[in-house]
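A short worksheet on the structure shown next.
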Amino acid sequence: MCGIAGIVDASTDLSRPISEIMLKTMADKIKHRGPDESGFFCSEQVGLAHRRLSIIDISNGQQPMHSISGDISIVFNGEIFNYIELRNILIKKGHRFITQSDTEVIIHLYQEYGIDFVQHLNGQFAIGLWDNKIKRFLLVRDRVGICPLYYSFEKQRLIFASEIKALKPALVDGLKLDKEALDQIFTFWTPVSPNTIFKGVFEVSPGQIIVLEKGRLNQFTYWDWDLSNENLSQNSEEQLAAELHELLIDATKIRLRADVPVGAYLSGGLDSSVLVALIHHYGGVPLRTFSLNFEQAEFDEKTYQTSLINHLQTEHSRLKIKTEDIAKNFVQTIYHTESPILRTAPVPMGLLSSLVQKNDYKVVLTGEGADEVLGGYDIFKESKVRHFWSVNKESNFRPLLLKKLYPYLTLPDSGKATYLKRFFGESLDQPDNICFSHFPRWTTTAKAKHFYSADLNAELSGRSMESMMESLPSKLNKMHRFNRAQYIEAKSLMAGYLLTSQGDRMLAKNSVEGRFPFLDHRVIEFANKIPPKYKMKGLNEKYLLKKSMARYLPKEIIRRPKQPYRAPDMKAMSGSYLIDELRYHLSKKELENNGLFDSDKVSFLLKKADSSRPLSVSESQALVGILSTQIIIEQFIRNK
Amino acid sequence: MNDVITSNEQLLREFILENYLFTDDQSKLNNTDSFLDTGILDSMGILELIYFLEEELSTKTESAEMLPANLDSINNLLAFIERKAA
């Protein structure tokens, strides 16, 4: 993982030259992404900056890199895992290479294929590319949103960077909160792409290219998840399992390519266990694994981790998270997420990458993406149960299937239909709505809006749901309902939260690069073809993955109930755990200064948190959301 | 008897206002407001309410009594408590 930044001037006004000092200031803000080296390029129209984390061709891969003719200049964050194969193809076509780096491969690929070069890349990338011959600048982001890339376009100047904090020095008016985006976060956990929490600052959406040419900024999509019915395979379960097996082996193997040692995260769940097993059997490298453990038993997965460690004999390091660690590390976590969050789960992930760094590892493989790609989440399961129930909304037995998902659920003998319908039957009368699967989550999250101030309520358009619906393509109407849920999950929560606030940012803050074999686009494109009945057979999640990988794993890992990764929220944000530094941000004065939240209601929420009564999920999300928003304002808006 | 009912009403109103509406503004809750229709209580909230009835108001709720007719507003709750005490 590296950091990139830059400025491209599309005007003819030469009275405001791009300053190398500004480029350096921008790059310094993201030094954590690339502590090993820095490099700059500055011309009349283009300024490029790079912070490098050296992983491939350590002695020759410096950036910005230029073509031999000097016409093309590039800054690149990420990895091209098929760079060796691409290099060989290009050499056969007559290209001559000076380095062994993947960056140089991108330049030659662009020379060969033009803007279509991106179709050939297998990897995770954020690229800024200047073609001086035709005066065209490209911003390119990987297919699913692993590497971050943000930009702002004001007064004919395109300013871009891997993180928003690096944009800030170059923005004439600094950063301002986008209240509509805040309202989207308080509904979907993430702004609707390409919005960010800051007004006028956008992400390059996953799978998109931004083109600046002749003073005009255009964007187009080069890749999207194709989960259409026409795409579904007719192959047998056995054939599909065998194909998935082969693809995952290759996706894992090419992600072990590096000139530094590569480790892996091991949660004890199915996905990371599959990866660690594949590295063990096919990687040809020593197994080095890292895991989180929790003081609170309900979050801990040590038993399963130990089972796999013993099975595969990995060299393993653990980090035990105490409840007080959450609050103590919350402020600096928010500095890196650059976005309000509703759960504390990113905090332990940031601490885990520090363990990796302390052990002198720069790269880890993780199982992220398997649930979205291969159908693992409870939200998919819940949607299936709710759909089964929606066939007869008044049925007393149909909703009993919810017990499979929520074993603790108390189901009174009478009044059952009324209560269950209210608590779990959100939008039960709209089973064909494209967002049917996600309405319960969004409704629960949106309860946090109860704490908005009157002023904020008056300012908001109340169009969050419409914004999400408008962002979804019409092709969703023609998809199987399971695939619709997958599409929405991949494009919203995965790209906007799991891969950013909980993913890249928590890795990059400690100069660690994450690699995600389940998000290899070949794996995704294959998985898109798997009929939903094989992804989740009945209510057995990731069925085909289990079938294809069972031979490598202990039975208890294959058969274990899915445990979503969670960290302590309620306990960590109450009583003596909620330290003064955080209480300050929730004080009446600070809340009224920012004017977003009702200070009286927040004080009652805090009172409840401090009492012995537990907060509900939505109340806990509200508390974390309010606190993180207050910190964002302090760190990025008030703190000039 | 009147005093007891008033006291129960105050306790219930305070419990709902402070814990689910996060305010002490009495005008935010009418005794006829439906907890379900207004989204005041979720699945955990309803169990907390039952716990509150048992611990604070000595009113035990049987499974068969978990009905909106008994639990869905301040007035319904007061009537339920009164019936159980009779």
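The chains in the structure tokens are called A, B, ... from first to last as shown; in each chain the residues are counted from 1, and the ligands are counted from 1 in the order shown.
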> Leaving out Val260 of chain A and any residue of its chain fewer than 4 positions from it, which residues lie within 10 Å of it when counting only C-alpha atoms, given as a PyMOL selection string?
Replying inline: chain A and resi 54-58+256+360-363
> Can you list, as an NGL selection string, every residue of segment 203-402 of chain A that DSSP puts in strand (DSSP E)?
Replying inline: :A and (203 or 208-213 or 216-221 or 262-265 or 288-294 or 315-321 or 363-365)
Generate the output file for the selected residues, N, CA and C atoms, as a tab-separated table (two decimals), in the first residue's frame.
chain	number	residue	atom	x	y	z
A	203	GLU	N	-15.19	10.37	-3.94
A	203	GLU	CA	-14.31	9.24	-4.23
A	203	GLU	C	-14.43	8.91	-5.71
A	208	GLN	N	-14.46	2.60	-11.67
A	208	GLN	CA	-14.64	3.78	-12.52
A	208	GLN	C	-13.32	4.45	-12.88
A	209	ILE	N	-13.38	5.20	-13.98
A	209	ILE	CA	-12.25	6.03	-14.41
A	209	ILE	C	-12.75	7.46	-14.53
A	210	ILE	N	-11.98	8.38	-14.00
A	210	ILE	CA	-12.28	9.80	-14.17
A	210	ILE	C	-11.29	10.32	-15.22
A	211	VAL	N	-11.81	11.01	-16.21
A	211	VAL	CA	-10.95	11.52	-17.29
A	211	VAL	C	-11.02	13.04	-17.30
A	212	LEU	N	-9.87	13.69	-17.23
A	212	LEU	CA	-9.81	15.15	-17.36
A	212	LEU	C	-9.13	15.47	-18.68
A	213	GLU	N	-9.90	16.07	-19.55
A	213	GLU	CA	-9.39	16.35	-20.90
A	213	GLU	C	-10.08	17.61	-21.41
A	216	ARG	N	-12.59	19.40	-19.26
A	216	ARG	CA	-13.83	18.73	-18.82
A	216	ARG	C	-13.54	17.44	-18.07
A	217	LEU	N	-14.31	17.24	-17.01
A	217	LEU	CA	-14.15	16.05	-16.19
A	217	LEU	C	-15.27	15.07	-16.53
A	218	ASN	N	-14.91	13.89	-16.99
A	218	ASN	CA	-15.92	12.87	-17.29
A	218	ASN	C	-15.60	11.60	-16.52
A	219	GLN	N	-16.61	10.81	-16.29
A	219	GLN	CA	-16.35	9.54	-15.62
A	219	GLN	C	-17.06	8.43	-16.38
A	220	PHE	N	-16.45	7.26	-16.37
A	220	PHE	CA	-17.17	6.11	-16.93
A	220	PHE	C	-16.82	4.84	-16.18
A	221	THR	N	-17.75	3.91	-16.26
A	221	THR	CA	-17.59	2.64	-15.54
A	221	THR	C	-16.95	1.62	-16.46
A	262	VAL	N	5.15	-12.31	3.43
A	262	VAL	CA	3.70	-12.07	3.43
A	262	VAL	C	3.06	-12.93	4.53
A	263	GLY	N	2.20	-12.32	5.36
A	263	GLY	CA	1.49	-13.05	6.41
A	263	GLY	C	0.00	-13.13	6.10
A	264	ALA	N	-0.76	-13.57	7.09
A	264	ALA	CA	-2.22	-13.66	6.89
A	264	ALA	C	-2.94	-13.42	8.21
A	265	TYR	N	-4.12	-12.83	8.10
A	265	TYR	CA	-4.99	-12.71	9.26
A	265	TYR	C	-5.76	-14.01	9.43
A	288	ARG	N	2.74	-17.55	8.37
A	288	ARG	CA	2.85	-16.61	9.48
A	288	ARG	C	1.49	-15.96	9.65
A	289	THR	N	0.87	-16.13	10.81
A	289	THR	CA	-0.51	-15.65	10.97
A	289	THR	C	-0.65	-14.73	12.19
A	290	PHE	N	-1.69	-13.92	12.13
A	290	PHE	CA	-1.96	-12.93	13.18
A	290	PHE	C	-3.46	-12.95	13.51
A	291	SER	N	-3.77	-12.80	14.78
A	291	SER	CA	-5.21	-12.77	15.11
A	291	SER	C	-5.51	-11.86	16.29
A	292	LEU	N	-6.78	-11.49	16.36
A	292	LEU	CA	-7.31	-10.71	17.48
A	292	LEU	C	-7.98	-11.66	18.46
A	293	ASN	N	-7.83	-11.35	19.74
A	293	ASN	CA	-8.64	-12.01	20.75
A	293	ASN	C	-9.28	-10.93	21.61
A	294	PHE	N	-10.38	-11.29	22.22
A	294	PHE	CA	-11.10	-10.29	23.02
A	294	PHE	C	-11.25	-10.75	24.45
A	315	GLU	N	3.10	-20.30	12.46
A	315	GLU	CA	3.73	-19.46	13.48
A	315	GLU	C	2.76	-18.30	13.71
A	316	HIS	N	2.27	-18.18	14.93
A	316	HIS	CA	1.11	-17.31	15.14
A	316	HIS	C	1.37	-16.27	16.23
A	317	SER	N	0.85	-15.07	16.00
A	317	SER	CA	0.88	-14.02	17.03
A	317	SER	C	-0.53	-13.56	17.31
A	318	ARG	N	-0.82	-13.34	18.59
A	318	ARG	CA	-2.17	-12.89	18.98
A	318	ARG	C	-2.09	-11.51	19.63
A	319	LEU	N	-3.18	-10.78	19.50
A	319	LEU	CA	-3.30	-9.52	20.23
A	319	LEU	C	-4.62	-9.57	21.00
A	320	LYS	N	-4.53	-9.45	22.30
A	320	LYS	CA	-5.76	-9.50	23.10
A	320	LYS	C	-6.28	-8.08	23.34
A	321	ILE	N	-7.50	-7.86	22.92
A	321	ILE	CA	-8.11	-6.53	23.05
A	321	ILE	C	-8.90	-6.46	24.35
A	363	VAL	N	2.84	-7.04	4.55
A	363	VAL	CA	1.73	-7.52	3.72
A	363	VAL	C	0.98	-8.66	4.43
A	364	VAL	N	-0.36	-8.57	4.45
A	364	VAL	CA	-1.17	-9.68	4.97
A	364	VAL	C	-2.29	-10.01	4.00
A	365	LEU	N	-2.58	-11.29	3.89
A	365	LEU	CA	-3.76	-11.74	3.15
A	365	LEU	C	-4.93	-11.81	4.13
> Ser574 of chain A: which residues within 9 Å, counting only C-alpha atoms, same-chain residues fewer than 3 positions away excluded, as a PyMOL selection string?
Replying inline: chain A and resi 569-571+577-579+606-611
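Using only C-alpha atoms, the protein and nucleic acid residues lying no more than 8 Å from Leu36 of chain B, apart from those fewer than 4 places from it along its own chain, are Arg422 of chain A; Ile40, Leu41 and Asp72 of chain B.
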> Pick from A:Tyr452, A:Tyr419, A:Phe188, A:Tyr110: nearest to chain B, with only C-alpha atoms counted?
Replying inline: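 Smallest separation from chain B among the options: A:Tyr419.
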>> Counting only C-alpha atoms, a student should be able to say which residues of chain B come within 8 Å of chain A; what is the right answer, written as a list in words?
In response: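 Output check: Glu18, Asn19, Leu21, Phe22, Thr23, Leu36, Asp42, Ser43, Met44, Gly45, Ser63, Ala64, Glu65, Met66, Leu67 and Pro68 of chain B.
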> Pick the closest to Leu23 of chain A from A:Gly367, A:Gly78, A:Pro169, A:Gly145: which is it, counting only C-alpha atoms?
Replying inline: A:Pro169
> To one decimal place, how far is atom CA of Ala5 of chain A from atom CA of Ala508 of chain A in Å?
Replying inline: 15.2 Å
